[in-house]
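Q: Below is the file final14.cif, which contains mmCIF, C-alpha atoms.
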data_run
loop_
_atom_site.label_atom_id
_atom_site.label_comp_id
_atom_site.auth_asym_id
_atom_site.auth_seq_id
_atom_site.Cartn_x
_atom_site.Cartn_y
_atom_site.Cartn_z
CA MET A 1 57.25 113.96 50.73
CA ALA A 2 55.02 111.14 49.66
CA GLY A 3 57.93 109.21 48.14
CA TYR A 4 60.11 109.48 51.24
CA ARG A 5 60.05 106.47 53.41
CA ARG A 6 61.63 106.56 56.74
CA PRO A 7 63.87 103.47 57.21
CA TYR A 8 62.86 100.87 59.72
CA ARG A 9 64.52 101.15 63.04
CA PRO A 10 66.73 98.06 62.65
CA SER A 11 67.93 99.40 59.34
CA GLU A 12 68.64 102.71 60.94
CA ALA A 13 70.79 101.01 63.50
CA ARG A 14 72.67 99.14 60.80
CA GLN A 15 73.34 102.38 59.01
CA GLN A 16 74.95 103.88 62.05
CA LYS A 17 77.10 100.91 62.76
CA GLY A 18 79.80 101.87 60.37
CA GLN A 19 80.00 105.37 61.70
CA THR A 20 80.55 104.62 65.38
CA ALA A 21 84.02 104.54 66.79
CA PRO A 22 85.50 101.09 67.41
CA GLN A 23 84.48 99.95 70.87
CA GLU A 24 87.40 99.35 73.22
CA PRO A 25 86.92 98.22 76.78
CA ASP A 26 87.31 101.17 79.07
CA LEU A 27 89.72 100.03 81.74
CA VAL A 28 89.84 103.27 83.67
CA PRO A 29 87.00 102.45 86.13
CA ILE A 30 88.48 99.01 86.75
CA MET A 31 91.86 100.53 87.39
CA ASN A 32 90.25 102.99 89.76
CA LEU A 33 88.65 100.14 91.62
CA PHE A 34 91.89 98.22 91.87
CA LEU A 35 93.80 101.24 93.03
CA THR A 36 91.27 101.74 95.78
CA ILE A 37 90.89 98.14 96.84
CA ILE A 38 94.56 97.18 96.95
CA PRO A 39 95.70 99.69 99.62
CA PHE A 40 92.69 98.81 101.74
CA LEU A 41 93.38 95.11 101.46
CA MET A 42 97.03 95.66 102.29
CA MET A 43 96.08 97.65 105.36
CA MET A 44 93.70 94.93 106.45
CA ILE A 45 96.37 92.23 106.38
CA THR A 46 97.33 92.82 109.97
CA VAL A 47 97.31 89.81 112.22
CA SER A 48 95.20 90.59 115.23
CA VAL A 49 96.24 88.89 118.43
CA SER A 50 94.11 86.69 120.61
CA LEU A 51 93.15 87.77 124.06
CA MET A 52 92.93 86.02 127.38
CA ALA A 53 90.62 87.63 129.90
CA LEU A 54 90.86 87.88 133.64
CA ASN A 55 88.00 89.48 135.48
CA PHE A 56 88.80 91.44 138.60
CA ALA A 57 85.30 92.45 139.56
CA SER A 58 84.57 92.17 143.27
CA ASP A 59 81.95 89.51 142.61
CA ALA A 60 84.05 87.45 140.23
CA GLY A 61 87.46 85.88 139.84
CA GLY A 62 90.75 87.61 139.26
CA GLY A 63 92.69 89.26 141.97
CA ALA A 64 96.18 90.56 141.87
CA GLY A 65 99.05 91.95 143.78
CA GLY A 66 98.78 89.46 146.55
CA SER A 67 95.36 90.68 147.56
CA GLY A 68 93.67 87.69 146.09
CA GLY A 69 90.89 89.90 144.70
CA GLY A 70 87.44 88.55 144.11
CA GLY A 71 84.96 87.47 146.64
CA GLY A 72 83.75 84.05 147.55
CA ASN A 73 85.48 81.07 149.00
CA GLN A 74 88.93 81.75 147.66
CA ASP A 75 90.91 80.09 150.41
CA LYS A 76 89.47 76.73 149.45
CA ILE A 77 90.29 76.68 145.79
CA LEU A 78 93.07 75.00 143.92
CA GLU A 79 96.33 76.90 143.68
CA ILE A 80 99.14 76.63 141.18
CA HIS A 81 102.39 78.16 142.35
CA LEU A 82 104.82 79.09 139.60
CA MET A 83 108.36 79.32 140.86
CA LEU A 84 111.75 79.88 139.36
CA ARG A 85 114.32 80.08 142.15
CA GLN A 86 115.72 77.26 144.22
CA SER A 87 115.65 77.69 147.99
CA GLU A 88 115.35 74.73 150.30
CA SER A 89 114.86 76.89 153.38
CA LEU A 90 111.92 78.65 151.75
CA GLU A 91 110.66 75.44 150.16
CA LEU A 92 111.06 76.91 146.72
CA PHE A 93 112.14 75.03 143.63
CA PRO A 94 112.07 75.84 139.94
CA GLY A 95 108.81 74.42 138.70
CA MET A 96 105.16 74.23 139.63
CA GLU A 97 103.42 73.30 142.82
CA ILE A 98 99.73 72.47 142.74
CA ARG A 99 98.00 72.72 146.07
CA GLU A 100 94.62 71.10 146.58
CA PRO A 101 92.18 72.69 149.08
CA GLY A 102 93.08 70.01 151.62
CA SER A 103 96.72 69.41 152.18
CA THR A 104 97.71 67.48 149.08
CA ILE A 105 100.55 69.09 147.21
CA HIS A 106 101.72 68.02 143.77
CA LYS A 107 105.20 69.09 142.76
CA LEU A 108 106.17 69.40 139.13
CA PRO A 109 109.82 70.46 138.81
CA TRP A 110 110.84 72.02 135.54
CA LEU A 111 112.39 69.75 132.91
CA SER A 112 115.25 72.05 132.07
CA GLU A 113 115.96 75.74 132.40
CA ASN A 114 112.72 77.64 131.82
CA VAL A 115 111.06 74.52 130.39
CA TYR A 116 108.14 73.67 132.62
CA ASP A 117 106.36 70.32 132.64
CA PHE A 118 103.13 71.46 131.03
CA ASN A 119 102.20 67.96 129.90
CA SER A 120 102.10 66.72 133.48
CA LEU A 121 100.25 69.86 134.53
CA ASN A 122 97.68 69.27 131.81
CA ASP A 123 97.14 65.66 132.94
CA LEU A 124 96.97 66.69 136.58
CA LEU A 125 94.46 69.46 135.89
CA ALA A 126 92.28 67.02 133.96
CA ARG A 127 92.29 64.66 136.94
CA LEU A 128 91.64 67.50 139.40
CA LYS A 129 88.74 68.69 137.28
CA GLU A 130 87.17 65.23 137.59
CA LYS A 131 87.73 65.36 141.33
CA TYR A 132 86.48 68.93 141.79
CA SER A 133 83.94 68.93 139.02
CA GLU A 134 81.72 71.51 140.69
CA THR A 135 84.34 74.26 140.79
CA THR A 136 85.55 76.41 137.95
CA GLU A 137 87.91 78.51 140.05
CA ILE A 138 91.63 78.22 140.36
CA ALA A 139 94.36 80.57 141.54
CA VAL A 140 97.70 81.06 139.87
CA VAL A 141 100.31 82.34 142.28
CA VAL A 142 103.18 83.63 140.24
CA HIS A 143 106.58 84.58 141.58
CA PRO A 144 108.04 87.82 140.19
CA ASP A 145 110.89 86.22 138.29
CA VAL A 146 108.80 83.67 136.41
CA LEU A 147 108.48 84.46 132.73
CA TYR A 148 105.24 85.90 131.40
CA ASP A 149 105.13 83.12 128.82
CA THR A 150 104.97 80.52 131.61
CA LEU A 151 102.13 82.38 133.31
CA ILE A 152 100.04 82.64 130.16
CA ARG A 153 100.57 78.97 129.24
CA THR A 154 99.54 77.95 132.75
CA ILE A 155 96.38 80.08 132.66
CA ASP A 156 95.67 78.65 129.22
CA LEU A 157 95.85 75.06 130.50
CA CYS A 158 93.60 75.97 133.43
CA LYS A 159 90.99 77.35 131.07
CA THR A 160 91.15 74.46 128.63
CA ASN A 161 90.67 72.02 131.50
CA GLY A 162 87.52 73.72 132.72
CA PHE A 163 88.91 76.07 135.35
CA VAL A 164 87.66 79.11 133.54
CA THR A 165 87.77 81.54 136.46
CA VAL A 166 91.44 82.10 137.06
CA HIS A 167 92.62 84.23 139.99
CA TYR A 168 95.91 85.98 139.48
CA ARG A 169 97.96 86.32 142.62
CA SER A 170 101.47 87.19 143.57
CA PRO A 171 103.07 85.52 146.60
CA LEU A 172 101.88 86.93 149.91
CA ALA A 173 105.45 86.98 151.17
CA THR A 174 108.21 88.78 149.35
CA TYR A 175 111.28 86.62 149.30
CA ALA A 176 114.76 88.04 149.40
CA TYR A 177 116.82 85.64 147.39
CA MET B 178 79.72 142.37 62.83
CA SER B 179 78.16 141.76 59.48
CA PHE B 180 76.89 138.37 58.62
CA ASN B 181 75.97 137.51 55.10
CA SER B 182 73.55 134.67 54.98
CA LYS B 183 74.01 134.37 51.23
CA THR B 184 77.58 133.16 51.56
CA ASN B 185 76.42 130.06 53.44
CA LYS B 186 73.75 129.31 50.98
CA GLY B 187 74.26 126.02 49.23
CA ARG B 188 77.02 124.90 51.58
CA ARG B 189 76.36 121.56 53.07
CA GLN B 190 76.40 121.37 56.80
CA VAL B 191 77.97 118.30 58.24
CA ARG B 192 76.79 117.30 61.63
CA ARG B 193 78.33 114.60 63.66
CA LYS B 194 76.01 111.79 64.47
CA VAL B 195 78.18 110.51 67.29
CA GLN B 196 79.34 113.21 69.57
CA ASP B 197 82.53 112.86 71.52
CA SER B 198 81.71 112.38 75.15
CA LYS B 199 83.80 114.81 77.10
CA GLN B 200 81.84 114.73 80.28
CA LEU B 201 83.47 113.44 83.39
CA SER B 202 82.16 109.99 84.17
CA ILE B 203 81.04 109.92 87.76
CA THR B 204 80.15 106.22 87.62
CA SER B 205 83.68 105.12 88.40
CA LEU B 206 83.93 107.72 91.13
CA LEU B 207 80.74 106.42 92.66
CA ASP B 208 82.11 102.87 92.51
CA VAL B 209 85.20 103.94 94.37
CA LEU B 210 83.28 105.87 96.97
CA THR B 211 80.89 102.99 97.55
CA ILE B 212 83.77 100.63 98.20
CA ILE B 213 85.47 103.05 100.54
CA LEU B 214 82.22 103.58 102.38
CA VAL B 215 81.63 99.86 102.81
CA PHE B 216 85.14 99.32 104.17
CA LEU B 217 84.87 102.27 106.50
CA ILE B 218 81.51 101.14 107.86
CA LYS B 219 82.88 97.65 108.36
CA ASN B 220 85.95 98.84 110.22
CA VAL B 221 84.87 101.91 112.07
CA SER B 222 83.19 100.11 114.96
CA MET B 223 86.00 97.66 115.57
CA GLU B 224 89.08 99.62 114.70
CA ALA B 225 89.29 101.38 118.04
CA VAL B 226 89.51 98.17 120.01
CA LYS B 227 91.31 95.97 117.55
CA ILE B 228 94.55 94.78 119.01
CA SER B 229 96.94 94.10 116.22
CA GLU B 230 100.15 92.17 116.48
CA LEU B 231 103.22 94.26 117.15
CA ALA B 232 106.12 93.37 114.92
CA ASP B 233 108.82 93.77 117.54
CA MET B 234 107.18 91.75 120.28
CA ILE B 235 107.21 88.01 120.95
CA TYR B 236 103.81 86.89 122.15
CA PRO B 237 103.02 83.88 124.31
CA THR B 238 100.82 81.28 122.65
CA THR B 239 97.51 79.97 123.92
CA MET B 240 94.89 77.43 122.90
CA SER B 241 91.97 79.16 124.52
CA THR B 242 91.00 82.70 123.66
CA ASP B 243 88.49 85.16 125.02
CA LYS B 244 86.51 87.63 123.01
CA LEU B 245 86.92 91.24 123.94
CA MET B 246 83.69 92.32 125.60
CA ASP B 247 81.19 94.31 123.59
CA ASN B 248 81.53 98.09 123.73
CA ALA B 249 84.80 97.69 125.58
CA MET B 250 86.57 100.86 126.65
CA VAL B 251 90.14 99.80 126.08
CA THR B 252 93.31 101.14 127.63
CA PRO B 253 96.26 99.39 126.01
CA VAL B 254 99.58 98.82 127.74
CA LYS B 255 102.57 97.52 125.86
CA LEU B 256 105.46 96.02 127.76
CA TYR B 257 108.55 95.49 125.67
CA MET B 258 111.76 94.13 127.11
CA ASP B 259 113.24 97.63 127.22
CA ARG B 260 110.27 100.00 127.47
CA VAL B 261 106.70 100.41 128.62
CA VAL B 262 104.27 102.16 126.29
CA LEU B 263 100.91 103.45 127.49
CA GLY B 264 97.62 104.13 125.74
CA VAL B 265 96.59 104.53 122.15
CA GLU B 266 98.87 107.56 122.01
CA ASN B 267 101.85 105.25 122.61
CA LEU B 268 103.37 107.33 125.38
CA THR B 269 106.68 105.91 126.52
CA LEU B 270 106.71 105.60 130.29
CA GLY B 271 110.13 104.16 130.91
CA THR B 272 111.69 100.76 131.29
CA PRO B 273 109.90 97.80 132.89
CA LYS B 274 112.37 98.06 135.74
CA ASP B 275 111.25 101.64 136.38
CA ILE B 276 107.65 100.65 137.08
CA VAL B 277 108.85 98.41 139.90
CA GLU B 278 111.72 100.40 141.31
CA ASN B 279 110.92 104.02 140.49
CA GLN B 280 108.09 105.42 142.56
CA GLU B 281 107.70 108.46 140.32
CA THR B 282 107.21 106.27 137.24
CA ARG B 283 104.61 104.23 139.07
CA ARG B 284 102.82 107.41 140.10
CA ILE B 285 102.77 108.65 136.49
CA MET B 286 101.41 105.29 135.35
CA GLU B 287 98.69 105.38 137.97
CA ALA B 288 97.78 108.95 137.00
CA PHE B 289 97.54 107.90 133.36
CA PHE B 290 95.30 104.94 134.16
CA ARG B 291 93.14 107.12 136.37
CA THR B 292 92.77 109.79 133.69
CA ASP B 293 91.78 107.17 131.13
CA TYR B 294 89.40 105.50 133.57
CA ASP B 295 87.79 108.76 134.67
CA ALA B 296 87.18 109.69 131.04
CA ILE B 297 84.90 106.66 130.69
CA PRO B 298 81.23 107.48 131.25
CA GLU B 299 79.87 106.26 134.56
CA ASP B 300 77.48 103.76 132.99
CA LYS B 301 80.31 102.19 131.00
CA LYS B 302 82.85 101.79 133.77
CA ARG B 303 82.13 98.07 133.93
CA GLU B 304 83.28 97.76 130.33
CA ALA B 305 86.64 99.34 131.10
CA CYS B 306 89.36 96.99 129.90
CA LEU B 307 93.08 97.06 130.36
CA VAL B 308 94.75 95.19 127.51
CA VAL B 309 98.27 94.10 128.34
CA GLN B 310 100.54 93.28 125.44
CA ALA B 311 103.76 91.97 126.90
CA ASP B 312 106.83 90.20 125.62
CA ALA B 313 106.82 86.49 126.42
CA GLN B 314 110.29 86.69 127.97
CA LEU B 315 109.39 89.41 130.45
CA PRO B 316 109.40 88.49 134.15
CA CYS B 317 105.94 88.41 135.71
CA GLY B 318 106.86 90.92 138.40
CA TYR B 319 106.28 93.71 135.91
CA ILE B 320 102.95 92.26 134.82
CA THR B 321 101.88 92.00 138.45
CA GLN B 322 102.75 95.66 138.93
CA ILE B 323 100.62 96.70 135.94
CA VAL B 324 97.72 94.51 137.08
CA SER B 325 98.01 95.81 140.62
CA VAL B 326 97.92 99.47 139.58
CA GLY B 327 95.16 98.80 137.04
CA THR B 328 92.88 97.10 139.55
CA SER B 329 93.56 99.74 142.19
CA VAL B 330 92.37 102.38 139.73
CA GLY B 331 89.21 100.42 139.03
CA TYR B 332 89.74 98.32 135.92
CA GLU B 333 87.75 95.13 136.39
CA ASN B 334 88.68 93.43 133.13
CA ILE B 335 92.26 92.77 132.24
CA TYR B 336 93.13 91.07 128.98
CA PHE B 337 96.45 89.53 128.09
CA ALA B 338 97.37 89.44 124.45
CA SER B 339 98.61 86.17 122.99
CA LEU B 340 98.83 84.34 119.72
CA GLU B 341 96.46 81.47 119.15
CA GLU B 342 98.13 78.13 118.56
CA ALA B 343 95.88 75.12 118.84
CA ASP B 344 98.57 72.56 119.62
CA TRP B 345 101.27 74.52 121.44
CA LEU B 346 101.40 71.81 124.09
CA ARG B 347 102.58 69.24 121.56
CA THR B 348 105.12 71.58 119.97
CA TYR B 349 106.32 72.71 123.39
CA SER B 350 106.82 69.10 124.45
CA SER B 351 108.70 68.15 121.32
CA ALA B 352 110.85 71.27 121.56
CA SER B 353 111.62 70.64 125.21
CA SER B 354 112.53 67.00 124.60
CA GLN B 355 115.13 67.93 121.99
#
Can the structure in the file be given as structure tokens, please?
A:
Amino acid sequence: MAGYRRPYRPSEARQQKGQTAPQEPDLVPIMNLFLTIIPFLMMMITVSVSLMALNFASDAGGGAGGSGGGGGNQDKILEIHLMLRQSESLELFPGMEIREPGSTIHKLPWLSENVYDFNSLNDLLARLKEKYSETTEIAVVVHPDVLYDTLIRTIDLCKTNGFVTVHYRSPLATYAY
Amino acid sequence: MSFNSKTNKGRRQVRRKVQDSKQLSITSLLDVLTIILVFLIKNVSMEAVKISELADMIYPTTMSTDKLMDNAMVTPVKLYMDRVVLGVENLTLGTPKDIVENQETRRIMEAFFRTDYDAIPEDKKREACLVVQADAQLPCGYITQIVSVGTSVGYENIYFASLEEADWLRTYSSASSQ
């Protein structure tokens, strides 16, 4: 027992080196990870849409179905009428009519079929915002046959020009074309 | 069962220094579960109100967008050119024309909205949202009908789904001038 010398620990390690199995990278956990991540990532690649809000609370903007909704001084706010049909007797024309609280009316006929003059509307709204800088309210009166796309673009221009409280109205009178 | 210890005497016993690991490694399983957990936690609060783009619908484009209010109680309505779909259950109501012309369809729609609205706790009624996803080419008369019924039931917040496009005005102008 006296002659036996236990090898030093580094030597011990060296002795074992030749006996261990060759080390290969274990790819199984990585594959597991990939298999889990990829379906999740694929599921997450769904384009979520943007949203445009209208508030119909009694103390805020909004309003629909001809009722005008909302409280406050709604009769004295700017109005944008979106029209599609032509009728001289009813003073209708395809395009937009912007009515100021006084009596000023701006008419923007459409450029071609279902192509509204949004550039002019944008310029006009910018000017009206300078004129009525204290108000953020505007009403969009949309006729039933106007396309939804036209309505949303109009509301969008109102909001980008500072009229953030948009009232949604349908015409008070129902026209029989 | 006799065992003779003498027969094993002098035989050298070989013992493996490196034992084969045959245990199931739970490390990888834990990795996977951790990742799933993180994704679920991230998505669970938003998934219910996330409005994803529908493949078979053409959305209008807008520059400005509004964020869906916090803790919103959402009732989705999808208006395709040929059908109206209600709620997260995607119940087909009928055609857009039906909701204007057919009184029974309008009554069913109102009953659906009312059921959804009544299910919202009283203290969260102000967060009730009607999210309208409609095709861009749909006439507004149908939208007005939905909005009218929604507000009559009590929905104070109505959202219109759109796709964000920062310079639609420029592209619209160039397209219209061609």
Q: Would you translate the PyMOL selection byres ((chain B and resi 336) around 7) into the concrete set of residues it matches in this file, as number ranges by chain?
A: A: 51-54; B: 307-309, 334-335, 337-338
Q: Could you tell me which residues of chain B sit within 8 Å of chain A when counting all atoms listed in the file, and give me the result as a ChimeraX atom specification?
A: /B:195,204-206,208-209,212-213,216,227-230,236-245,311-322,324-325,328,332-341,346,350,353
Q: Would you mind listing what lies within 10 Å of Ile105 in chain A as JSON, numbers by chain, with only C-alpha atoms counted and same-chain residues fewer than 5 positions away left out?
A: {"A": [79, 80, 97, 98, 99, 100]}
Q: Skip range 280-286 of chain B itself and residues of its chain fewer than 5 positions away, then list as a PyMOL selection string all residues within 9 Å of it, counting all atoms listed in the file.
A: chain B and resi 263+270-271+275+291+322-323+326
Q: Can you work out the spacing between CA of Val140 in chain A and CA of Gly327 in chain B in Å, to one decimal?
A: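 Taking CA of Val140 in chain A as the start and CA of Gly327 in chain B as the end point, the length is 18.1 Å.
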Q: CA of Met250 in chain B and CA of Ala305 in chain B, how far apart in Å?
A: 4.7 Å
Q: Can you fill out range 249-265 of chain B with N, CA and C atoms and hand it back as a PDB file, keeping the file's coordinate frame?
A:
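Listed below is the output, out-v7.pdb:
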ATOM      1  N   ALA B 249      83.705  97.568 124.617  1.00  0.00           N
ATOM      2  CA  ALA B 249      84.800  97.690 125.580  1.00  0.00           C
ATOM      3  C   ALA B 249      85.486  99.051 125.468  1.00  0.00           C
ATOM      4  N   MET B 250      85.807  99.613 126.608  1.00  0.00           N
ATOM      5  CA  MET B 250      86.570 100.860 126.650  1.00  0.00           C
ATOM      6  C   MET B 250      88.018 100.459 126.970  1.00  0.00           C
ATOM      7  N   VAL B 251      88.833 100.439 125.961  1.00  0.00           N
ATOM      8  CA  VAL B 251      90.140  99.800 126.080  1.00  0.00           C
ATOM      9  C   VAL B 251      91.247 100.806 126.400  1.00  0.00           C
ATOM     10  N   THR B 252      92.056 100.424 127.360  1.00  0.00           N
ATOM     11  CA  THR B 252      93.310 101.140 127.630  1.00  0.00           C
ATOM     12  C   THR B 252      94.453 100.164 127.368  1.00  0.00           C
ATOM     13  N   PRO B 253      95.183 100.331 126.289  1.00  0.00           N
ATOM     14  CA  PRO B 253      96.260  99.390 126.010  1.00  0.00           C
ATOM     15  C   PRO B 253      97.560  99.724 126.746  1.00  0.00           C
ATOM     16  N   VAL B 254      98.245  98.682 127.138  1.00  0.00           N
ATOM     17  CA  VAL B 254      99.580  98.820 127.740  1.00  0.00           C
ATOM     18  C   VAL B 254     100.510  97.860 127.025  1.00  0.00           C
ATOM     19  N   LYS B 255     101.610  98.370 126.569  1.00  0.00           N
ATOM     20  CA  LYS B 255     102.570  97.520 125.860  1.00  0.00           C
ATOM     21  C   LYS B 255     103.858  97.439 126.672  1.00  0.00           C
ATOM     22  N   LEU B 256     104.227  96.220 126.997  1.00  0.00           N
ATOM     23  CA  LEU B 256     105.460  96.020 127.760  1.00  0.00           C
ATOM     24  C   LEU B 256     106.484  95.298 126.878  1.00  0.00           C
ATOM     25  N   TYR B 257     107.430  96.068 126.412  1.00  0.00           N
ATOM     26  CA  TYR B 257     108.550  95.490 125.670  1.00  0.00           C
ATOM     27  C   TYR B 257     109.641  95.135 126.691  1.00  0.00           C
ATOM     28  N   MET B 258     110.661  94.491 126.215  1.00  0.00           N
ATOM     29  CA  MET B 258     111.760  94.130 127.110  1.00  0.00           C
ATOM     30  C   MET B 258     112.480  95.387 127.637  1.00  0.00           C
ATOM     31  N   ASP B 259     112.465  96.439 126.847  1.00  0.00           N
ATOM     32  CA  ASP B 259     113.240  97.630 127.220  1.00  0.00           C
ATOM     33  C   ASP B 259     112.395  98.872 127.489  1.00  0.00           C
ATOM     34  N   ARG B 260     111.087  98.794 127.243  1.00  0.00           N
ATOM     35  CA  ARG B 260     110.270 100.000 127.470  1.00  0.00           C
ATOM     36  C   ARG B 260     108.816  99.633 127.719  1.00  0.00           C
ATOM     37  N   VAL B 261     108.139 100.556 128.367  1.00  0.00           N
ATOM     38  CA  VAL B 261     106.700 100.410 128.620  1.00  0.00           C
ATOM     39  C   VAL B 261     105.993 101.541 127.887  1.00  0.00           C
ATOM     40  N   VAL B 262     104.996 101.179 127.103  1.00  0.00           N
ATOM     41  CA  VAL B 262     104.270 102.160 126.290  1.00  0.00           C
ATOM     42  C   VAL B 262     102.809 102.156 126.728  1.00  0.00           C
ATOM     43  N   LEU B 263     102.278 103.350 126.973  1.00  0.00           N
ATOM     44  CA  LEU B 263     100.910 103.450 127.490  1.00  0.00           C
ATOM     45  C   LEU B 263      99.946 104.056 126.485  1.00  0.00           C
ATOM     46  N   GLY B 264      98.730 103.522 126.470  1.00  0.00           N
ATOM     47  CA  GLY B 264      97.620 104.130 125.740  1.00  0.00           C
ATOM     48  C   GLY B 264      97.701 104.042 124.243  1.00  0.00           C
ATOM     49  N   VAL B 265      96.627 104.516 123.616  1.00  0.00           N
ATOM     50  CA  VAL B 265      96.590 104.530 122.150  1.00  0.00           C
ATOM     51  C   VAL B 265      97.535 105.584 121.593  1.00  0.00           C
TER      52      VAL B 265
END
